[in-house]
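Asker: Sharing a structure below in structure tokens format, with a few things to ask.
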Amino acid sequence: AIARSTEAMEFALSLVMRAKGYPVYFHFSAPFDELKTLYNKATIYWHATGYGIDEGKHPEQHEHFGITTVEAMSAGVIPVVIKAAGQLDTVVPGKTGYLWRTQAELKDQTRFVSEMSNDERGVLKENAIKFSKNFSKQSYQDYIVRIVGNYTNL
């Protein structure tokens, strides 16, 4: 675990160094309240957990649900996320955000979103907010009531 942690820290530091001079900011281990504030300021949400790791061999190294993506979407942030695991259930490509497999696709989709008009981005943001509501506590409660109701004639 220590080697992995050191490797992750070195990788994070290399990203910080490569981002110098660009409008890219890192907030490692930010508390949830800070994350909410950041989501409300952001335009694009990147997610790459599991990148370069075989999902079939190591599913535990991928995000299983994509809750952080849904949280960002609920604030109107446009997700540009890895095409794997839980992200497949939380992003509708071209409607609520974009999925990528390669670094070239990540770069192209980031550029595509950044070059959109405010109106085009506005449509994606509205779609993301609406879609994120499918994952709300109320949506799940309603779904459970419908399922249970089918078996109990409620």
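Chain labels run A, B, ... following the order of the structure tokens; each chain numbers its residues from 1, and ligands are numbered from 1 in the order shown.
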Do you know which residues are at most 12 Å from Pro59 in chain A counting only C-alpha atoms, after dropping those on the same chain fewer than 4 positions away, and could you put them as a PyMOL selection string?

Answerer: chain A and resi 49-55+63-65+84-86

Asker: Looking only at alpha helix (DSSP H) from DSSP on the backbone, list the matching residues of chain A as number ranges by chain.

Answerer: A: 2-18, 32-41, 67-74, 87-90, 103-114, 118-132, 137-152

Asker: Pick out the residues sitting within 8 Å of range 93-104 of chain A, and hand them over as a PyMOL selection string; count only C-alpha atoms, and ignore anything fewer than 3 positions along from it in its own chain.

Answerer: chain A and resi 51+78-83+87-88+107-109+124-125+127-128+131

Asker: I need the residues in chain A that are strand (DSSP E or B) according to DSSP; give them as a ChimeraX atom specification.

Answerer: /A:44-47,78-82,93,97-100

Asker: Taking only C-alpha atoms into account, which of A:Leu13, A:Ile67, A:Ala8, A:Val113 comes nearest Phe135 in chain A?

Answerer: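 Checking each candidate against Phe135 in chain A, we get A:Ile67 as the closest.
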
Asker: From the set A:Val123, A:Met9, A:Leu106, A:Met17, which residue has the shortest atom-to-atom contact distance to Ala48 in chain A, counting only C-alpha atoms?

Answerer: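 When distances to Ala48 in chain A are compared using only C-alpha atoms, the smallest one comes from A:Leu106.
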
Asker: Work out how far CA of Val24 in chain A is from CA of Thr6 in chain A, in Å to one decimal.

Answerer: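 A separation of 22.6 Å between them.
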
Asker: Might you pull out every residue within 8 Å of Ser132 in chain A, with only C-alpha atoms counted and same-chain residues fewer than 4 positions away left off, and present them as an mmCIF file with all heavy atoms, in the first residue's frame?

Answerer:
```
data_model
loop_
_atom_site.group_PDB
_atom_site.id
_atom_site.type_symbol
_atom_site.label_atom_id
_atom_site.label_comp_id
_atom_site.auth_asym_id
_atom_site.auth_seq_id
_atom_site.Cartn_x
_atom_site.Cartn_y
_atom_site.Cartn_z
ATOM 1 N N VAL A 70 -22.248 12.285 -10.790
ATOM 2 C CA VAL A 70 -23.625 12.743 -10.578
ATOM 3 C C VAL A 70 -23.642 14.006 -9.726
ATOM 4 O O VAL A 70 -24.412 14.934 -10.000
ATOM 5 C CB VAL A 70 -24.486 11.623 -9.941
ATOM 6 C CG1 VAL A 70 -25.863 12.148 -9.545
ATOM 7 C CG2 VAL A 70 -24.626 10.452 -10.902
ATOM 8 N N GLU A 71 -22.797 14.069 -8.711
ATOM 9 C CA GLU A 71 -22.725 15.274 -7.871
ATOM 10 C C GLU A 71 -22.334 16.483 -8.718
ATOM 11 O O GLU A 71 -22.920 17.559 -8.591
ATOM 12 C CB GLU A 71 -21.720 15.080 -6.737
ATOM 13 C CG GLU A 71 -22.184 14.108 -5.686
ATOM 14 C CD GLU A 71 -21.076 13.700 -4.721
ATOM 15 O OE1 GLU A 71 -19.885 14.039 -4.958
ATOM 16 O OE2 GLU A 71 -21.386 13.026 -3.727
ATOM 17 N N MET A 73 -22.692 16.805 -11.982
ATOM 18 C CA MET A 73 -23.789 17.069 -12.908
ATOM 19 C C MET A 73 -24.925 17.829 -12.228
ATOM 20 O O MET A 73 -25.558 18.694 -12.842
ATOM 21 C CB MET A 73 -24.308 15.755 -13.500
ATOM 22 C CG MET A 73 -23.333 15.099 -14.457
ATOM 23 S SD MET A 73 -23.772 13.394 -14.899
ATOM 24 C CE MET A 73 -25.336 13.613 -15.720
ATOM 25 N N SER A 74 -25.169 17.533 -10.973
ATOM 26 C CA SER A 74 -26.268 18.202 -10.256
ATOM 27 C C SER A 74 -26.007 19.699 -10.113
ATOM 28 O O SER A 74 -26.941 20.476 -9.923
ATOM 29 C CB SER A 74 -26.491 17.569 -8.880
ATOM 30 O OG SER A 74 -25.457 17.924 -7.987
ATOM 31 N N THR A 90 -24.054 6.891 -15.698
ATOM 32 C CA THR A 90 -24.327 8.240 -15.222
ATOM 33 C C THR A 90 -24.184 9.318 -16.290
ATOM 34 O O THR A 90 -24.548 10.465 -16.036
ATOM 35 C CB THR A 90 -23.405 8.589 -14.030
ATOM 36 O OG1 THR A 90 -22.046 8.452 -14.424
ATOM 37 C CG2 THR A 90 -23.698 7.697 -12.837
ATOM 38 N N ALA A 128 -27.676 17.797 -17.838
ATOM 39 C CA ALA A 128 -26.932 17.134 -16.760
ATOM 40 C C ALA A 128 -27.675 17.284 -15.434
ATOM 41 O O ALA A 128 -27.817 16.316 -14.679
ATOM 42 C CB ALA A 128 -25.519 17.708 -16.663
ATOM 43 N N SER A 136 -31.419 10.882 -7.274
ATOM 44 C CA SER A 136 -31.702 11.501 -5.983
ATOM 45 C C SER A 136 -32.310 10.493 -5.018
ATOM 46 O O SER A 136 -32.837 9.448 -5.428
ATOM 47 C CB SER A 136 -32.666 12.681 -6.150
ATOM 48 O OG SER A 136 -33.958 12.191 -6.476
#
```

Asker: In Å, rounded to a single decimal, give me how far CA of Pro23 in chain A is from CA of Ser114 in chain A.

Answerer: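 Atom-to-atom, CA of Ser114 in chain A and CA of Pro23 in chain A are spaced 12.3 Å apart.
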
Asker: Between A:Asp33, A:Asn134, A:Ala12, A:Val145, which one has atoms that come closest to Asp89 in chain A, using only C-alpha atoms?

Answerer: A:Asn134

Asker: Can you tell me how far CA of Ala42 in chain A sits from CA of His62 in chain A, in Å to one decimal?

Answerer: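 Taking CA of Ala42 in chain A and CA of His62 in chain A, their separation equals 23.5 Å.
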